[in-house]
>>> print(open('structure.pdb').read())   # PDB, C-alpha atoms
ATOM      1  CA  ALA A 712       6.203  23.003  37.124
ATOM      2  CA  MET A 713       8.069  22.966  40.398
ATOM      3  CA  ASN A 714      11.238  20.926  40.079
ATOM      4  CA  ASP A 715      13.233  21.784  43.195
ATOM      5  CA  LYS A 716      10.536  21.363  45.861
ATOM      6  CA  GLU A 717       8.103  18.704  46.971
ATOM      7  CA  TYR A 718       4.910  18.858  44.930
ATOM      8  CA  LYS A 719       1.880  20.412  46.664
ATOM      9  CA  LEU A 720      -1.470  19.810  44.955
ATOM     10  CA  ASP A 721      -3.261  22.461  47.037
ATOM     11  CA  ARG A 722      -1.636  25.310  45.111
ATOM     12  CA  ASP A 723      -2.810  23.947  41.766
ATOM     13  CA  VAL A 724      -6.286  23.211  43.139
ATOM     14  CA  TYR A 725      -6.502  26.820  44.357
ATOM     15  CA  HIS A 726      -5.681  28.133  40.875
ATOM     16  CA  LEU A 727      -8.178  25.752  39.292
ATOM     17  CA  LEU A 728     -10.937  26.924  41.620
ATOM     18  CA  LYS A 729     -10.074  30.573  41.054
ATOM     19  CA  ASP A 730     -10.097  30.151  37.265
ATOM     20  CA  GLU A 731     -12.944  27.608  37.051
ATOM     21  CA  PRO A 732     -15.480  28.226  39.873
ATOM     22  CA  PHE A 733     -17.720  25.377  38.689
ATOM     23  CA  PHE A 734     -15.165  22.920  40.029
ATOM     24  CA  ALA A 735     -15.151  24.403  43.548
ATOM     25  CA  LEU A 736     -18.066  22.328  44.836
ATOM     26  CA  LEU A 737     -16.875  19.188  43.086
ATOM     27  CA  SER A 738     -13.377  19.495  44.418
ATOM     28  CA  ARG A 739     -14.598  20.049  47.975
ATOM     29  CA  CYS A 740     -16.550  16.786  47.797
ATOM     30  CA  MET A 741     -13.452  14.644  47.675
ATOM     31  CA  ASP A 742     -10.091  14.145  49.268
ATOM     32  CA  LYS A 743      -6.890  14.361  47.263
ATOM     33  CA  ARG A 744      -4.310  11.667  47.958
ATOM     34  CA  ALA A 745      -0.752  11.361  46.762
ATOM     35  CA  VAL A 746       0.064   7.799  45.724
ATOM     36  CA  ASN A 747       3.211   6.467  44.141
ATOM     37  CA  ASP A 748       1.791   3.226  42.727
ATOM     38  CA  ILE A 749       0.006   4.871  39.761
ATOM     39  CA  PRO A 750       1.811   6.514  36.843
ATOM     40  CA  THR A 751      -0.359   9.638  36.452
ATOM     41  CA  ALA A 752      -3.634  10.581  38.194
ATOM     42  CA  GLY A 753      -7.086   9.135  38.652
ATOM     43  CA  MET A 754     -10.254   8.915  40.656
ATOM     44  CA  ARG A 755     -11.288   6.145  43.030
ATOM     45  CA  TYR A 756     -13.943   5.343  45.562
ATOM     46  CA  ASN A 757     -12.619   4.961  49.086
ATOM     47  CA  PRO A 758     -14.910   2.477  50.884
ATOM     48  CA  ASP A 759     -13.431   3.332  54.293
ATOM     49  CA  ARG A 760     -14.383   7.002  53.927
ATOM     50  CA  LEU A 761     -17.464   6.326  51.748
ATOM     51  CA  GLN A 762     -16.446   8.948  49.207
ATOM     52  CA  TYR A 763     -14.553   9.504  45.991
ATOM     53  CA  GLU A 764     -11.042  10.865  46.002
ATOM     54  CA  ILE A 765      -8.605  12.192  43.456
ATOM     55  CA  ILE A 766      -5.375  10.234  43.501
ATOM     56  CA  TYR A 767      -2.203  11.451  41.865
ATOM     57  CA  ASN A 768       1.437  10.611  41.512
ATOM     58  CA  PRO A 769       3.359  13.612  42.898
ATOM     59  CA  SER A 770       6.321  13.016  40.576
ATOM     60  CA  PHE A 771       4.034  13.048  37.546
ATOM     61  CA  MET A 772       2.204  16.195  38.618
ATOM     62  CA  LYS A 773       5.468  17.944  39.486
ATOM     63  CA  SER A 774       6.736  17.281  35.965
ATOM     64  CA  LEU A 775       3.830  19.197  34.378
ATOM     65  CA  ASP A 776       3.385  22.891  33.686
ATOM     66  CA  SER A 777       0.550  24.558  35.625
ATOM     67  CA  PRO A 778      -1.893  24.712  32.665
ATOM     68  CA  VAL A 779      -1.446  20.974  32.127
ATOM     69  CA  VAL A 780      -2.022  20.222  35.820
ATOM     70  CA  LYS A 781      -5.228  22.247  35.577
ATOM     71  CA  TRP A 782      -6.273  20.161  32.570
ATOM     72  CA  VAL A 783      -5.517  16.892  34.406
ATOM     73  CA  LEU A 784      -7.620  17.966  37.402
ATOM     74  CA  MET A 785     -10.491  19.082  35.177
ATOM     75  CA  HIS A 786     -10.278  15.800  33.266
ATOM     76  CA  GLU A 787     -10.615  13.757  36.457
ATOM     77  CA  LEU A 788     -13.516  15.881  37.703
ATOM     78  CA  TYR A 789     -15.303  15.635  34.345
ATOM     79  CA  LEU A 790     -14.948  11.845  34.442
ATOM     80  CA  TRP A 791     -16.506  11.832  37.909
ATOM     81  CA  ILE A 792     -19.405  13.966  36.616
ATOM     82  CA  LEU A 793     -19.951  11.637  33.657
ATOM     83  CA  ARG A 794     -19.852   8.513  35.820
ATOM     84  CA  SER A 795     -22.380  10.080  38.176
ATOM     85  CA  ILE A 796     -24.743  10.969  35.342
ATOM     86  CA  LEU A 797     -24.407   7.587  33.650
ATOM     87  CA  SER A 798     -25.124   5.781  36.911
ATOM     88  CA  LEU A 799     -28.561   7.443  36.911
ATOM     89  CA  ILE A 800     -29.505   6.100  33.488
TER      90      ILE A 800
END
>>> encode(input="structure.pdb", output="C-alpha cells")
Amino acid sequence: AMNDKEYKLDRDVYHLLKDEPFFALLSRCMDKRAVNDIPTAGMRYNPDRLQYEIIYNPSFMKSLDSPVVKWVLMHELYLWILRSILSLI
C-alpha cells in the first residue's frame, strides 16, 4: 500500500484490468468516487448521473496491500453483477 502519498484508485484499477480482463467492461460502466463518509468501499446508484458508481474511502484503500485492493474492487463488481442478475428474476 502507498503510505506517503495521496491514494490514487486509477493505478489499482489499471492492475485489476490487466490481470482480470473480464472486469474491464464492468469498470468502464461506472465512475469511481472517493468519499470520506464510509468506512471501506461500496457501490451506489447515482440518480443525477443515472448510473452506478464505485465509492471508496481513500484512507481505507491506502491502508491495504495491492492484492487486497484488487479483491475489494472485484468484490464490489461481483456484487453489482449479482444485483443485476437478481433484478431480472
>>> atom_distance(input="structure.pdb", atom1="atom CA of A:Thr751", atom2="atom CA of A:Leu799")
28.3 Å
>>> residues_around(input="structure.pdb", residues="A:Asn757", least_positions_apart="4", cutoff="12 Å", atoms="all atoms listed in the file", output="PyMOL selection string")
chain A and resi 741-744+761-766
>>> closest_residue(input="structure.pdb", among="A:Met754, A:Leu727, A:Cys740, A:Ala745", to="A:Val780", atoms="only C-alpha atoms")
A:Leu727
>>> resolve_selection(input="structure.pdb", expression="the PyMOL selection byres ((chain A and resi 718) around 6)", output="VMD selection string")
chain A and resid 717 719 769 773
>>> residues_near_point(input="structure.pdb", point="(-12.0, 22.3, 37.8)", cutoff="12 Å", atoms="only C-alpha atoms", output="MDAnalysis selection string")
chainID A and resid 723:739 778 780:792
>>> atom_distance(input="structure.pdb", atom1="atom CA of A:Ser798", atom2="atom CA of A:Ile749")
25.3 Å
>>> atom_distance(input="structure.pdb", atom1="atom CA of A:Arg794", atom2="atom CA of A:Ser774")
28.0 Å
>>> axis_aligned_box(input="structure.pdb", around="stretch 756-762 of chain A", padding_each_side="6 Å", output="AutoDock Vina command-line options")
--center_x -15.0 --center_y 5.7 --center_z 49.9 --size_x 16.8 --size_y 18.5 --size_z 20.7
>>> closest_residue(input="structure.pdb", among="A:Asn768, A:Arg760, A:Ala752, A:Ser777", to="A:Arg722", atoms="only C-alpha atoms")
A:Ser777
>>> closest_residue(input="structure.pdb", among="A:Asp721, A:Val779, A:Leu797, A:Ser770", to="A:Asn747", atoms="only C-alpha atoms")
A:Ser770
